[in-house]
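Notes to accompany the following structure.
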Amino acid sequence: MIDTMQSAKVANAERFERFGISATAQTASQTRDEFAAWLRESFELDPIRSSDVVLAINEALANCAEFAYLERPDTGTMDVLAWHDAVESTITVLVSDRGSWRPPVEPSVRTRGRGIPLMEALSDRASIETSDHGTRVKLEWANVAPAALRSRSAH
Amino acid sequence: MVSESSVDEVAIVAASGVIDMLTAPQLEEALRAALDKKPGSLVVDLTEVEFLASAGMGVLVAAHEEAGDTTRLCVVAEGPATSRPLKLVGIADIVPLFATLDEAIASLRG
């Protein structure tokens, strides 16, 4: 059953899904670009907001690619699920892996460890849940209108 | 894409496009090569950068530390994808940040 979910690519006005993608820098970069395209096509966001959302998702993906599977020789996978709630006008993004995160690097290491502060600063709400089964980053943005509403109201 | 040039003894490393965990090593290499020449001043010009991830920000902070007292290093960036996140996570407080290359060069000369 899990196999049928592998490499599923869904992107429509309400949802963006990537399940079982490999947790690598290459895939993180590609998925970020695909997510950015979905965002651009589906929603009315100003350049600052749009930029914030894409960078926050990038950091969540990059953390998976960089840290989640450090203790394993093979490359693990990650899942991305994003959806728009039309009633609440929110976008929620979940990025999850089945690895183990390293704790955030010490503040004295100034060149690293900005992914989590960035996600928190760029989103309206950010949470990170870690368990024995993996890590799930949840990012939310409020007051996001779908692109369709904009074109309708313009006429 | 990273290129190197100089204006009036100010070394300039200019990057364009995407700086993420895939491409940050290129910028890191270019900055290391530029710093190896021990210029008095080095400008990292991110004017043409469309996307800057934390991997790239780490490279900037590392280069600034490596520059030490030998090289005055500053960054040129302006916009939601570059100067905004640099300010949000406090890198603009560590590394001098200018909106334009002209402003950066003027400051280094002054």
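Ordered as shown in the structure tokens, chains take letters A, B, and onward, while each chain numbers its residues from 1 and ligands are numbered from 1 in the order shown.
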
Which of chain B fall in helix (DSSP H, G or I), as a PyMOL selection string: chain B and resi 24-36+54-67+83-88+91-94+101-109

Which residues, written as a list in words, have at least one atom at most 9 Å from Asp52 of chain A, with only C-alpha atoms counted and residues fewer than 4 positions away on the same chain left out?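 Residues near the query, excluding close chain neighbours: Pro47, Ile48, Ala56, Ile57, Met119, Ala121, Leu122 and Ser123 of chain A; Pro80, Ala81, Arg84 and Pro85 of chain B.
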
Filtering to C-alpha atoms, could you give me those residues as a compact mmCIF listing (two decimals), in the first residue's frame?
```txt
# COMPACT_ATOMS: atom_id res chain seq x y z
CA PRO A 47 6.62 39.06 -3.56
CA ILE A 48 7.66 39.19 0.10
CA ALA A 56 10.78 28.36 4.68
CA ILE A 57 9.91 25.22 2.72
CA MET A 119 11.40 28.84 9.35
CA ALA A 121 10.69 34.00 11.28
CA LEU A 122 9.27 33.40 7.80
CA SER A 123 6.05 31.61 8.73
CA PRO B 80 12.61 39.96 -0.42
CA ALA B 81 14.74 36.96 -1.41
CA ARG B 84 15.10 40.39 3.91
CA PRO B 85 16.16 36.94 5.21
```

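The shortest atom-to-atom distance to chain A, with only C-alpha atoms taken into account, belongs to B:Leu52 out of B:Leu35, B:Leu73, B:Ala24, B:Leu52.
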
Might you pull out every residue within 8 Å of Ala60 of chain A, with only C-alpha atoms counted and same-chain residues fewer than 4 positions away left off, and present them as a list of chain:residue names? A:Ala56, A:Cys64, A:Val95, A:Gly115, A:Ile116, A:Met119, A:Val137

For the residues in the current selection, export C-alpha atoms as a compact mmCIF listing (two decimals), in the first residue's frame.
```
# COMPACT_ATOMS: atom_id res chain seq x y z
CA ALA A 56 10.78 28.36 4.68
CA CYS A 64 15.78 16.60 6.00
CA VAL A 95 7.54 18.20 5.65
CA GLY A 115 17.29 26.82 9.18
CA ILE A 116 14.99 26.63 12.20
CA MET A 119 11.40 28.84 9.35
CA VAL A 137 7.86 20.23 10.42
```

List as a PDB file with N, CA and C atoms, in the first residue's frame the protein and nucleic acid residues near Val7 of chain B, meaning an atom at most 12 Å away when only C-alpha atoms are counted, but skip any in the same chain fewer than 5 places from it.
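Once everything was written out, this is out29.pdb:
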```
ATOM      1  N   ILE B  12      35.670  42.006  -5.999  1.00  0.00           N
ATOM      2  CA  ILE B  12      34.223  41.765  -6.032  1.00  0.00           C
ATOM      3  C   ILE B  12      33.962  40.326  -6.470  1.00  0.00           C
ATOM      4  N   VAL B  13      33.197  39.615  -5.675  1.00  0.00           N
ATOM      5  CA  VAL B  13      32.701  38.302  -6.085  1.00  0.00           C
ATOM      6  C   VAL B  13      31.198  38.441  -6.257  1.00  0.00           C
ATOM      7  N   PRO B  39      42.948  40.633  -0.259  1.00  0.00           N
ATOM      8  CA  PRO B  39      42.619  41.998  -0.684  1.00  0.00           C
ATOM      9  C   PRO B  39      42.263  42.854   0.533  1.00  0.00           C
ATOM     10  N   GLY B  40      42.422  44.169   0.403  1.00  0.00           N
ATOM     11  CA  GLY B  40      42.042  45.055   1.500  1.00  0.00           C
ATOM     12  C   GLY B  40      40.541  45.035   1.724  1.00  0.00           C
ATOM     13  N   SER B  41      39.799  44.913   0.610  1.00  0.00           N
ATOM     14  CA  SER B  41      38.339  44.901   0.689  1.00  0.00           C
ATOM     15  C   SER B  41      37.765  43.864  -0.267  1.00  0.00           C
ATOM     16  N   LEU B  42      36.688  43.249   0.156  1.00  0.00           N
ATOM     17  CA  LEU B  42      36.004  42.271  -0.702  1.00  0.00           C
ATOM     18  C   LEU B  42      34.492  42.493  -0.598  1.00  0.00           C
ATOM     19  N   VAL B  43      33.871  42.686  -1.773  1.00  0.00           N
ATOM     20  CA  VAL B  43      32.426  42.838  -1.829  1.00  0.00           C
ATOM     21  C   VAL B  43      31.811  41.554  -2.374  1.00  0.00           C
ATOM     22  N   LEU B 101      25.938  48.107  -5.142  1.00  0.00           N
ATOM     23  CA  LEU B 101      27.392  47.956  -5.243  1.00  0.00           C
ATOM     24  C   LEU B 101      28.081  49.310  -5.068  1.00  0.00           C
ATOM     25  N   ASP B 102      27.484  50.361  -5.647  1.00  0.00           N
ATOM     26  CA  ASP B 102      28.066  51.701  -5.518  1.00  0.00           C
ATOM     27  C   ASP B 102      28.176  52.126  -4.059  1.00  0.00           C
ATOM     28  N   ALA B 104      28.345  50.162  -1.481  1.00  0.00           N
ATOM     29  CA  ALA B 104      29.346  49.326  -0.815  1.00  0.00           C
ATOM     30  C   ALA B 104      30.744  49.841  -1.097  1.00  0.00           C
ATOM     31  N   ILE B 105      31.021  50.145  -2.364  1.00  0.00           N
ATOM     32  CA  ILE B 105      32.349  50.614  -2.747  1.00  0.00           C
ATOM     33  C   ILE B 105      32.637  51.980  -2.122  1.00  0.00           C
ATOM     34  N   ALA B 106      31.643  52.842  -2.135  1.00  0.00           N
ATOM     35  CA  ALA B 106      31.810  54.167  -1.520  1.00  0.00           C
ATOM     36  C   ALA B 106      32.159  54.027  -0.038  1.00  0.00           C
ATOM     37  N   LEU B 108      33.600  51.439   1.447  1.00  0.00           N
ATOM     38  CA  LEU B 108      34.926  50.855   1.629  1.00  0.00           C
ATOM     39  C   LEU B 108      36.027  51.867   1.359  1.00  0.00           C
ATOM     40  N   ARG B 109      35.756  52.811   0.474  1.00  0.00           N
ATOM     41  CA  ARG B 109      36.742  53.851   0.171  1.00  0.00           C
ATOM     42  C   ARG B 109      36.824  54.875   1.300  1.00  0.00           C
TER      43      ARG B 109
END
```

Would you mind listing, as a PDB file with N, CA and C atoms, in the first residue's frame, all residues of chain B that have at least one atom within 6 Å of chain A, where only C-alpha atoms are what counts?
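Listing of selection27.pdb after writing:
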```pdb
ATOM      1  N   LEU B  22      22.855  23.125  -2.703  1.00  0.00           N
ATOM      2  CA  LEU B  22      23.518  22.560  -3.880  1.00  0.00           C
ATOM      3  C   LEU B  22      24.609  23.477  -4.419  1.00  0.00           C
ATOM      4  N   SER B  54      19.711  29.248   3.792  1.00  0.00           N
ATOM      5  CA  SER B  54      20.597  29.350   4.952  1.00  0.00           C
ATOM      6  C   SER B  54      21.992  28.809   4.648  1.00  0.00           C
ATOM      7  N   GLY B  58      25.331  30.851   5.660  1.00  0.00           N
ATOM      8  CA  GLY B  58      26.446  30.290   6.415  1.00  0.00           C
ATOM      9  C   GLY B  58      27.781  30.566   5.733  1.00  0.00           C
ATOM     10  N   VAL B  61      28.785  34.198   6.450  1.00  0.00           N
ATOM     11  CA  VAL B  61      29.297  34.395   7.809  1.00  0.00           C
ATOM     12  C   VAL B  61      30.702  33.791   7.943  1.00  0.00           C
ATOM     13  N   ALA B  62      30.902  32.621   7.358  1.00  0.00           N
ATOM     14  CA  ALA B  62      32.222  31.976   7.410  1.00  0.00           C
ATOM     15  C   ALA B  62      33.277  32.823   6.709  1.00  0.00           C
ATOM     16  N   PRO B  80      13.234  40.947  -1.309  1.00  0.00           N
ATOM     17  CA  PRO B  80      12.611  39.956  -0.415  1.00  0.00           C
ATOM     18  C   PRO B  80      13.363  38.630  -0.340  1.00  0.00           C
ATOM     19  N   ALA B  81      14.084  38.266  -1.408  1.00  0.00           N
ATOM     20  CA  ALA B  81      14.742  36.958  -1.413  1.00  0.00           C
ATOM     21  C   ALA B  81      16.143  36.994  -0.802  1.00  0.00           C
TER      22      ALA B  81
END
```

Could you go through chain B and tell me which residues DSSP, when run on the backbone, assigns to strand (DSSP E), listing them as number ranges by chain? B: 2-7, 10-19, 41-52, 72-76, 97-98

Selected residues written out, C-alpha atoms, as a PDB file, in the first residue's frame:
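Below you can see out06.pdb, which holds the result:
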```pdb
ATOM      1  CA  VAL B   2      29.869  33.150  -9.576  1.00  0.00           C
ATOM      2  CA  SER B   3      32.255  35.671 -11.156  1.00  0.00           C
ATOM      3  CA  GLU B   4      35.170  37.677  -9.879  1.00  0.00           C
ATOM      4  CA  SER B   5      36.340  41.194 -10.714  1.00  0.00           C
ATOM      5  CA  SER B   6      37.758  44.268  -9.022  1.00  0.00           C
ATOM      6  CA  VAL B   7      37.118  48.010  -8.965  1.00  0.00           C
ATOM      7  CA  VAL B  10      38.161  46.430  -4.172  1.00  0.00           C
ATOM      8  CA  ALA B  11      37.744  42.747  -5.002  1.00  0.00           C
ATOM      9  CA  ILE B  12      34.223  41.765  -6.032  1.00  0.00           C
ATOM     10  CA  VAL B  13      32.701  38.302  -6.085  1.00  0.00           C
ATOM     11  CA  ALA B  14      29.317  38.416  -7.785  1.00  0.00           C
ATOM     12  CA  ALA B  15      26.829  35.563  -7.616  1.00  0.00           C
ATOM     13  CA  SER B  16      23.604  35.103  -9.528  1.00  0.00           C
ATOM     14  CA  GLY B  17      20.602  32.796  -9.580  1.00  0.00           C
ATOM     15  CA  VAL B  18      20.077  30.320  -6.768  1.00  0.00           C
ATOM     16  CA  ILE B  19      22.289  29.919  -3.703  1.00  0.00           C
ATOM     17  CA  SER B  41      38.339  44.901   0.689  1.00  0.00           C
ATOM     18  CA  LEU B  42      36.004  42.271  -0.702  1.00  0.00           C
ATOM     19  CA  VAL B  43      32.426  42.838  -1.829  1.00  0.00           C
ATOM     20  CA  VAL B  44      30.087  39.867  -2.155  1.00  0.00           C
ATOM     21  CA  ASP B  45      27.574  41.110  -4.691  1.00  0.00           C
ATOM     22  CA  LEU B  46      24.246  39.259  -4.461  1.00  0.00           C
ATOM     23  CA  THR B  47      22.322  41.758  -6.616  1.00  0.00           C
ATOM     24  CA  GLU B  48      21.520  39.099  -9.221  1.00  0.00           C
ATOM     25  CA  VAL B  49      20.679  36.378  -6.705  1.00  0.00           C
ATOM     26  CA  GLU B  50      17.064  35.212  -6.897  1.00  0.00           C
ATOM     27  CA  PHE B  51      17.089  32.809  -3.990  1.00  0.00           C
ATOM     28  CA  LEU B  52      19.296  32.683  -0.904  1.00  0.00           C
ATOM     29  CA  ARG B  72      37.055  44.275   4.984  1.00  0.00           C
ATOM     30  CA  LEU B  73      34.174  42.183   3.708  1.00  0.00           C
ATOM     31  CA  CYS B  74      30.688  43.379   2.933  1.00  0.00           C
ATOM     32  CA  VAL B  75      27.594  42.112   1.139  1.00  0.00           C
ATOM     33  CA  VAL B  76      25.404  43.787  -1.467  1.00  0.00           C
ATOM     34  CA  LEU B  97      25.039  44.949   4.173  1.00  0.00           C
ATOM     35  CA  PHE B  98      24.482  47.473   1.383  1.00  0.00           C
TER      36      PHE B  98
END
```

Quick one, how far is atom CA of His133 of chain A from atom CA of Trp38 of chain A?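 For atom CA of His133 of chain A relative to atom CA of Trp38 of chain A, the distance reads 28.9 Å.
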
Gap from atom CA of Phe43 of chain A to atom CA of Ile91 of chain A - Å, one decimal: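 Atom-to-atom, atom CA of Phe43 of chain A and atom CA of Ile91 of chain A are spaced 9.8 Å apart.
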
For atom CA of Ala67 of chain B and atom CA of Pro96 of chain B, the interatomic separation in Å (one decimal): 12.7 Å

Which residues are near Ser96 of chain A? Cut-off 12 Å, only C-alpha atoms, ignore same chain within fewer than 4 positions. Put them as a ChimeraX atom specification. /A:17-23,57,60-65,68,76-82,100-101,127-131,133-139
